[in-house]
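One structure is given here, and the rest of the page talks about it.
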Amino acid sequence: MLELWRYPVKSLQGERLPEAAIGTLGIAGDRRWALFDRDTGLGLTARRVPELLFGAARLHADGGVEVVLPDGTVTADDEVLSGWLGRRVELREATEDGDAVPTYETPADEEVPDPTEWLQWEGAPGPFHDSPRIRLSLVSTGTLGPWDRRRFRANVVLDGEGEDGLRGREAMLGGVRLRFGVPIARCVMTTRPQPGGIGRDTSVLKTIHRERDGLLAVRAFVLEPGRVRVGDALAPTAD
């Protein structure tokens, strides 16, 4: 494993970790919070609000969260966050019981540069992942090629080749046993500009659709929780 990432607030920049505990809901603290529009009740993602990608989130030692705005302001205050985004927002933590299911918006046509038609879709209960069951994402440098890995926001970046052929198989990563599921359908977020010199690039999504049927990276279901560290090898188990 080359890199390990946690994204405490959905669609904001995350934290690169040297090690982490992984449970059945993925990396502890990953997508544990999300921003919601207080007027519409909708969850916000960078599909709809690209500015989110220019904020960053990090966990406190006590398990709380704070947001670092583009101007360096550090806050978890809803009014300050509302001023940044120009709309009334609320920073919301996922519920423990997982009963509440958030609703988000996505473009009707992912390949339109400036979409005007939007569809609503339901996310997962509990932590604000897109999938209700499979909450750890992996991608390899061989799959990414020249693309910047930060466009794809995977939890685990593997060195070399290999995740495409793992569907339906099991593997160990450090002390965690995984079962690999379906590849991840990519959306307009992969084309968005981000800090660190990542510019808007609509060719990314067009290429993924043309060459990979719109899929890049994989999700894995956690069969046995444990800890992982950068440098751990992914070791597929015998079929």
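How things are named: the first chain in the structure tokens is A, the next is B, and so on; residues count from 1 in each chain; ligands count from 1 in the order shown.
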- Task: Quick one: everything within 7 Å of segment 203-215 of chain A, counting only C-alpha atoms, minus sequence neighbours fewer than 2 positions away in the same chain. Send it as a list in words.
- Result: Glu111, Pro183, Ile184, Ala185, Arg186, Val188, Thr190, Thr191, Asp201 and Ala217 of chain A
Selection file, all heavy atoms, as a PDB file, in the first residue's frame:
ATOM      1  N   GLU A 111     -21.448  14.299 -18.481  1.00  0.00           N
ATOM      2  CA  GLU A 111     -20.422  14.799 -19.385  1.00  0.00           C
ATOM      3  C   GLU A 111     -20.692  16.215 -19.879  1.00  0.00           C
ATOM      4  O   GLU A 111     -19.914  16.763 -20.649  1.00  0.00           O
ATOM      5  CB  GLU A 111     -20.258  13.844 -20.572  1.00  0.00           C
ATOM      6  CG  GLU A 111     -19.726  12.474 -20.152  1.00  0.00           C
ATOM      7  CD  GLU A 111     -19.242  11.635 -21.319  1.00  0.00           C
ATOM      8  OE1 GLU A 111     -18.492  12.170 -22.142  1.00  0.00           O
ATOM      9  OE2 GLU A 111     -19.636  10.466 -21.403  1.00  0.00           O
ATOM     10  N   PRO A 183     -16.670  -2.437  -9.352  1.00  0.00           N
ATOM     11  CA  PRO A 183     -15.888  -1.219  -9.586  1.00  0.00           C
ATOM     12  C   PRO A 183     -16.749   0.021  -9.332  1.00  0.00           C
ATOM     13  O   PRO A 183     -17.979  -0.047  -9.273  1.00  0.00           O
ATOM     14  CB  PRO A 183     -15.497  -1.335 -11.066  1.00  0.00           C
ATOM     15  CG  PRO A 183     -15.665  -2.775 -11.406  1.00  0.00           C
ATOM     16  CD  PRO A 183     -16.776  -3.277 -10.550  1.00  0.00           C
ATOM     17  N   ILE A 184     -16.093   1.152  -9.209  1.00  0.00           N
ATOM     18  CA  ILE A 184     -16.780   2.392  -8.853  1.00  0.00           C
ATOM     19  C   ILE A 184     -17.116   3.186 -10.115  1.00  0.00           C
ATOM     20  O   ILE A 184     -16.233   3.499 -10.928  1.00  0.00           O
ATOM     21  CB  ILE A 184     -15.910   3.236  -7.911  1.00  0.00           C
ATOM     22  CG1 ILE A 184     -15.657   2.469  -6.607  1.00  0.00           C
ATOM     23  CG2 ILE A 184     -16.578   4.580  -7.623  1.00  0.00           C
ATOM     24  CD1 ILE A 184     -14.699   3.154  -5.666  1.00  0.00           C
ATOM     25  N   ALA A 185     -18.387   3.519 -10.266  1.00  0.00           N
ATOM     26  CA  ALA A 185     -18.815   4.377 -11.371  1.00  0.00           C
ATOM     27  C   ALA A 185     -18.375   5.807 -11.065  1.00  0.00           C
ATOM     28  O   ALA A 185     -18.656   6.338  -9.991  1.00  0.00           O
ATOM     29  CB  ALA A 185     -20.325   4.306 -11.532  1.00  0.00           C
ATOM     30  N   ARG A 186     -17.675   6.419 -12.010  1.00  0.00           N
ATOM     31  CA  ARG A 186     -17.124   7.746 -11.767  1.00  0.00           C
ATOM     32  C   ARG A 186     -18.088   8.831 -12.218  1.00  0.00           C
ATOM     33  O   ARG A 186     -18.892   8.626 -13.121  1.00  0.00           O
ATOM     34  CB  ARG A 186     -15.793   7.904 -12.478  1.00  0.00           C
ATOM     35  CG  ARG A 186     -14.769   6.841 -12.194  1.00  0.00           C
ATOM     36  CD  ARG A 186     -14.594   6.440 -10.736  1.00  0.00           C
ATOM     37  NE  ARG A 186     -14.384   7.494  -9.784  1.00  0.00           N
ATOM     38  CZ  ARG A 186     -13.805   7.326  -8.591  1.00  0.00           C
ATOM     39  NH1 ARG A 186     -13.372   6.127  -8.233  1.00  0.00           N
ATOM     40  NH2 ARG A 186     -13.671   8.334  -7.761  1.00  0.00           N
ATOM     41  N   VAL A 188     -18.859  13.452 -12.290  1.00  0.00           N
ATOM     42  CA  VAL A 188     -18.280  14.722 -12.714  1.00  0.00           C
ATOM     43  C   VAL A 188     -17.249  15.254 -11.723  1.00  0.00           C
ATOM     44  O   VAL A 188     -16.414  16.088 -12.078  1.00  0.00           O
ATOM     45  CB  VAL A 188     -19.418  15.755 -12.934  1.00  0.00           C
ATOM     46  CG1 VAL A 188     -20.035  16.164 -11.608  1.00  0.00           C
ATOM     47  CG2 VAL A 188     -18.936  16.961 -13.718  1.00  0.00           C
ATOM     48  N   THR A 190     -14.607  13.954 -10.786  1.00  0.00           N
ATOM     49  CA  THR A 190     -13.251  13.665 -11.257  1.00  0.00           C
ATOM     50  C   THR A 190     -12.703  14.767 -12.151  1.00  0.00           C
ATOM     51  O   THR A 190     -11.495  14.835 -12.380  1.00  0.00           O
ATOM     52  CB  THR A 190     -13.211  12.341 -12.026  1.00  0.00           C
ATOM     53  OG1 THR A 190     -14.074  12.425 -13.167  1.00  0.00           O
ATOM     54  CG2 THR A 190     -13.663  11.191 -11.150  1.00  0.00           C
ATOM     55  N   THR A 191     -13.570  15.614 -12.678  1.00  0.00           N
ATOM     56  CA  THR A 191     -13.146  16.682 -13.590  1.00  0.00           C
ATOM     57  C   THR A 191     -12.940  18.009 -12.884  1.00  0.00           C
ATOM     58  O   THR A 191     -12.451  18.961 -13.493  1.00  0.00           O
ATOM     59  CB  THR A 191     -14.189  16.886 -14.700  1.00  0.00           C
ATOM     60  OG1 THR A 191     -15.364  17.527 -14.156  1.00  0.00           O
ATOM     61  CG2 THR A 191     -14.597  15.569 -15.330  1.00  0.00           C
ATOM     62  N   ASP A 201     -10.678  19.459 -15.887  1.00  0.00           N
ATOM     63  CA  ASP A 201     -10.301  18.622 -17.026  1.00  0.00           C
ATOM     64  C   ASP A 201     -11.443  17.676 -17.358  1.00  0.00           C
ATOM     65  O   ASP A 201     -11.579  16.604 -16.769  1.00  0.00           O
ATOM     66  CB  ASP A 201      -9.027  17.833 -16.705  1.00  0.00           C
ATOM     67  CG  ASP A 201      -8.473  17.081 -17.909  1.00  0.00           C
ATOM     68  OD1 ASP A 201      -9.168  17.017 -18.938  1.00  0.00           O
ATOM     69  OD2 ASP A 201      -7.353  16.551 -17.805  1.00  0.00           O
ATOM     70  N   ALA A 217     -11.391   2.241 -10.151  1.00  0.00           N
ATOM     71  CA  ALA A 217     -11.190   1.881  -8.738  1.00  0.00           C
ATOM     72  C   ALA A 217     -12.239   0.845  -8.323  1.00  0.00           C
ATOM     73  O   ALA A 217     -13.176   0.566  -9.072  1.00  0.00           O
ATOM     74  CB  ALA A 217     -11.217   3.092  -7.811  1.00  0.00           C
TER      75      ALA A 217
END
Quiz item: So which bits of segment 25-197 of chain A end up helix (DSSP H, G or I) when you DSSP the backbone, as a ChimeraX atom specification?
Solution: /A:50-54,78-85,141-144,149-151,163-166,188-191
Contacts of segment 118-122 of chain A at 8 Å or less, counting only C-alpha atoms, minus same-chain residues fewer than 6 places along, as a PyMOL selection string?
chain A and resi 101-108
Would you mind exporting the chosen residues as a PDB file, in the first residue's frame, restricted to C-alpha atoms?
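Final output, saved to selection-v2.pdb:
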ATOM      1  CA  VAL A 101     -30.773   8.471   4.581  1.00  0.00           C
ATOM      2  CA  PRO A 102     -29.428  11.676   2.971  1.00  0.00           C
ATOM      3  CA  THR A 103     -30.464  12.930  -0.451  1.00  0.00           C
ATOM      4  CA  TYR A 104     -27.955  14.522  -2.836  1.00  0.00           C
ATOM      5  CA  GLU A 105     -28.007  15.976  -6.342  1.00  0.00           C
ATOM      6  CA  THR A 106     -26.157  14.802  -9.438  1.00  0.00           C
ATOM      7  CA  PRO A 107     -26.148  16.082 -13.037  1.00  0.00           C
ATOM      8  CA  ALA A 108     -28.619  14.449 -15.405  1.00  0.00           C
TER       9      ALA A 108
END
For atom CA of Thr45 of chain A and atom CA of Thr95 of chain A, determine how far apart the two atoms are, in Å to one decimal place.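 Result for atom CA of Thr45 of chain A versus atom CA of Thr95 of chain A: 18.5 Å, one decimal.
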Inset, instruction - Kindly indicate which residue among A:Arg219, A:Leu173, A:Ala76, A:Leu138 lies nearest to Glu19 of chain A, using only C-alpha atoms for the distances. - result: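 Counting only C-alpha atoms, the residue closest to Glu19 of chain A is A:Leu173.
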| query | So which bits of segment 25-195 of chain A end up strand (DSSP E or B) when you DSSP the backbone, as JSON, numbers by chain? | reply | {"A": [26, 27, 33, 34, 35, 36, 37, 43, 56, 57, 58, 59, 65, 66, 67, 68, 74, 75, 89, 90, 91, 92, 93, 103, 104, 105, 106, 107, 118, 119, 120, 121, 122, 136, 137, 138, 139, 140, 156, 157, 158, 170, 171, 172, 173, 176, 177, 178, 179, 180, 181, 182, 183, 184, 185, 194]}
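Shortest separation to Arg151 of chain A among A:Gln13, A:Ala56, A:Val67, A:Arg88 occurs at residue A:Gln13, atoms counted being only C-alpha atoms.
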What lies within 9 Å of segment 59-62 of chain A using only C-alpha atoms, ignoring chain neighbours under 5 positions off, as an mmCIF file with all heavy atoms, in the first residue's frame?
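Just written: result_14.cif:
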data_model
loop_
_atom_site.group_PDB
_atom_site.id
_atom_site.type_symbol
_atom_site.label_atom_id
_atom_site.label_comp_id
_atom_site.auth_asym_id
_atom_site.auth_seq_id
_atom_site.Cartn_x
_atom_site.Cartn_y
_atom_site.Cartn_z
ATOM 1 N N PRO A 8 -12.849 13.072 6.410
ATOM 2 C CA PRO A 8 -13.832 13.204 7.491
ATOM 3 C C PRO A 8 -15.140 13.859 7.061
ATOM 4 O O PRO A 8 -16.206 13.485 7.557
ATOM 5 C CB PRO A 8 -13.098 14.060 8.534
ATOM 6 C CG PRO A 8 -11.643 13.806 8.267
ATOM 7 C CD PRO A 8 -11.558 13.674 6.785
ATOM 8 N N GLU A 15 -7.302 13.688 4.873
ATOM 9 C CA GLU A 15 -6.047 13.544 5.600
ATOM 10 C C GLU A 15 -5.298 12.310 5.104
ATOM 11 O O GLU A 15 -5.885 11.234 4.993
ATOM 12 C CB GLU A 15 -6.315 13.351 7.093
ATOM 13 C CG GLU A 15 -7.170 14.419 7.731
ATOM 14 C CD GLU A 15 -7.546 14.042 9.155
ATOM 15 O OE1 GLU A 15 -8.353 13.105 9.329
ATOM 16 O OE2 GLU A 15 -7.019 14.666 10.082
ATOM 17 N N GLY A 29 -13.888 7.302 11.080
ATOM 18 C CA GLY A 29 -13.997 8.736 10.836
ATOM 19 C C GLY A 29 -14.159 9.132 9.395
ATOM 20 O O GLY A 29 -14.381 10.305 9.096
#
Open item on the list: Which residues are close to segment 158-172 of chain A, i.e. within 9 Å by only C-alpha atoms, leaving aside same-chain residues fewer than 5 positions away? Reply as a PyMOL selection string.
Closed with: chain A and resi 1-3+138-143+177-183+216-220+223+233-239
Got a sec: who's within 10 Å of segment 46-54 of chain A, counting only C-alpha atoms, leaving out chain neighbours fewer than 5 positions off, as number ranges by chain? A: 9-14, 35, 68-71, 84-85, 104-107, 110, 115, 118, 187-196
Only N, CA and C atoms, please: the residues just picked out, written as a tab-separated table (two decimals), in the first residue's frame.
chain	number	residue	atom	x	y	z
A	9	VAL	N	-15.08	14.85	6.16
A	9	VAL	CA	-16.29	15.53	5.70
A	9	VAL	C	-16.46	15.26	4.21
A	10	LYS	N	-17.60	14.76	3.83
A	10	LYS	CA	-17.87	14.39	2.44
A	10	LYS	C	-17.57	15.55	1.49
A	11	SER	N	-16.79	15.25	0.46
A	11	SER	CA	-16.43	16.16	-0.64
A	11	SER	C	-15.37	17.20	-0.29
A	12	LEU	N	-14.96	17.29	0.99
A	12	LEU	CA	-13.84	18.15	1.32
A	12	LEU	C	-12.53	17.37	1.17
A	13	GLN	N	-11.42	18.10	1.13
A	13	GLN	CA	-10.12	17.44	1.13
A	13	GLN	C	-9.95	16.68	2.44
A	14	GLY	N	-9.13	15.63	2.39
A	14	GLY	CA	-8.99	14.77	3.55
A	14	GLY	C	-7.60	14.78	4.16
A	35	LEU	N	-21.91	18.32	4.85
A	35	LEU	CA	-22.58	19.61	4.89
A	35	LEU	C	-23.95	19.50	4.23
A	68	VAL	N	-10.86	23.43	7.50
A	68	VAL	CA	-9.90	24.48	7.14
A	68	VAL	C	-10.36	25.10	5.83
A	69	LEU	N	-10.74	26.37	5.87
A	69	LEU	CA	-11.24	27.05	4.68
A	69	LEU	C	-10.08	27.49	3.79
A	70	PRO	N	-10.35	27.86	2.55
A	70	PRO	CA	-9.26	28.24	1.63
A	70	PRO	C	-8.40	29.40	2.14
A	71	ASP	N	-8.97	30.29	2.97
A	71	ASP	CA	-8.17	31.41	3.49
A	71	ASP	C	-7.43	31.06	4.76
A	84	TRP	N	-18.75	31.11	3.88
A	84	TRP	CA	-17.81	30.61	2.86
A	84	TRP	C	-18.55	30.16	1.60
A	85	LEU	N	-19.62	29.40	1.75
A	85	LEU	CA	-20.30	28.80	0.62
A	85	LEU	C	-21.42	29.66	0.03
A	104	TYR	N	-28.91	13.65	-2.16
A	104	TYR	CA	-27.95	14.52	-2.84
A	104	TYR	C	-28.46	14.84	-4.25
A	105	GLU	N	-27.70	15.68	-4.95
A	105	GLU	CA	-28.01	15.98	-6.34
A	105	GLU	C	-26.84	15.58	-7.24
A	106	THR	N	-27.16	15.16	-8.45
A	106	THR	CA	-26.16	14.80	-9.44
A	106	THR	C	-26.63	15.29	-10.80
A	107	PRO	N	-25.71	15.62	-11.71
A	107	PRO	CA	-26.15	16.08	-13.04
A	107	PRO	C	-26.90	15.00	-13.79
A	110	GLU	N	-23.61	13.53	-16.91
A	110	GLU	CA	-22.32	13.73	-16.26
A	110	GLU	C	-21.28	14.39	-17.16
A	115	PRO	N	-23.76	21.68	-16.23
A	115	PRO	CA	-25.12	21.13	-16.28
A	115	PRO	C	-26.16	22.08	-15.69
A	118	TRP	N	-30.62	18.65	-12.94
A	118	TRP	CA	-30.10	17.88	-11.81
A	118	TRP	C	-31.11	16.85	-11.35
A	187	CYS	N	-17.98	10.00	-11.57
A	187	CYS	CA	-18.90	11.10	-11.83
A	187	CYS	C	-18.13	12.36	-12.17
A	188	VAL	N	-18.86	13.45	-12.29
A	188	VAL	CA	-18.28	14.72	-12.71
A	188	VAL	C	-17.25	15.25	-11.72
A	189	MET	N	-17.25	14.76	-10.48
A	189	MET	CA	-16.25	15.21	-9.51
A	189	MET	C	-14.83	14.98	-9.98
A	190	THR	N	-14.61	13.95	-10.79
A	190	THR	CA	-13.25	13.67	-11.26
A	190	THR	C	-12.70	14.77	-12.15
A	191	THR	N	-13.57	15.61	-12.68
A	191	THR	CA	-13.15	16.68	-13.59
A	191	THR	C	-12.94	18.01	-12.88
A	192	ARG	N	-13.32	18.11	-11.61
A	192	ARG	CA	-13.32	19.38	-10.91
A	192	ARG	C	-11.91	19.86	-10.57
A	193	PRO	N	-11.70	21.17	-10.55
A	193	PRO	CA	-10.41	21.70	-10.06
A	193	PRO	C	-10.29	21.50	-8.56
A	194	GLN	N	-9.04	21.37	-8.10
A	194	GLN	CA	-8.75	21.18	-6.69
A	194	GLN	C	-7.49	21.95	-6.33
A	195	PRO	N	-7.22	22.13	-5.05
A	195	PRO	CA	-5.96	22.76	-4.64
A	195	PRO	C	-4.76	21.95	-5.13
A	196	GLY	N	-3.63	22.59	-5.13
A	196	GLY	CA	-2.39	21.91	-5.51
A	196	GLY	C	-2.18	21.81	-7.00
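Nearest-residue note for Pro225 of chain A: choosing from A:Glu90, A:Asp130, A:Leu136, A:Arg58, the minimum distance belongs to A:Leu136, counting only C-alpha atoms.
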Item checked: For Arg32 of chain A, the nearest of the candidates A:Val80, A:Leu91, A:Ala20, A:Leu4, counting only C-alpha atoms ->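 Answer, going by the shortest atom-to-atom distance: A:Leu91.
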Checklist line | Separation of atom CA of Asp114 of chain A from atom CA of Arg200 of chain A in Å | finding: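 About the pair atom CA of Arg200 of chain A and atom CA of Asp114 of chain A: they are 11.7 Å apart.
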Judged by only C-alpha atoms, the minimum distance to Asn155 of chain A among A:Gly41, A:Asp77, A:Glu93, A:Val228 is found for A:Val228
A:Thr24, A:Ser82, A:Ser131, A:Thr75: which is nearest Val176 of chain A, counting only C-alpha atoms?
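Among the listed residues, A:Thr24 lies closest to Val176 of chain A.
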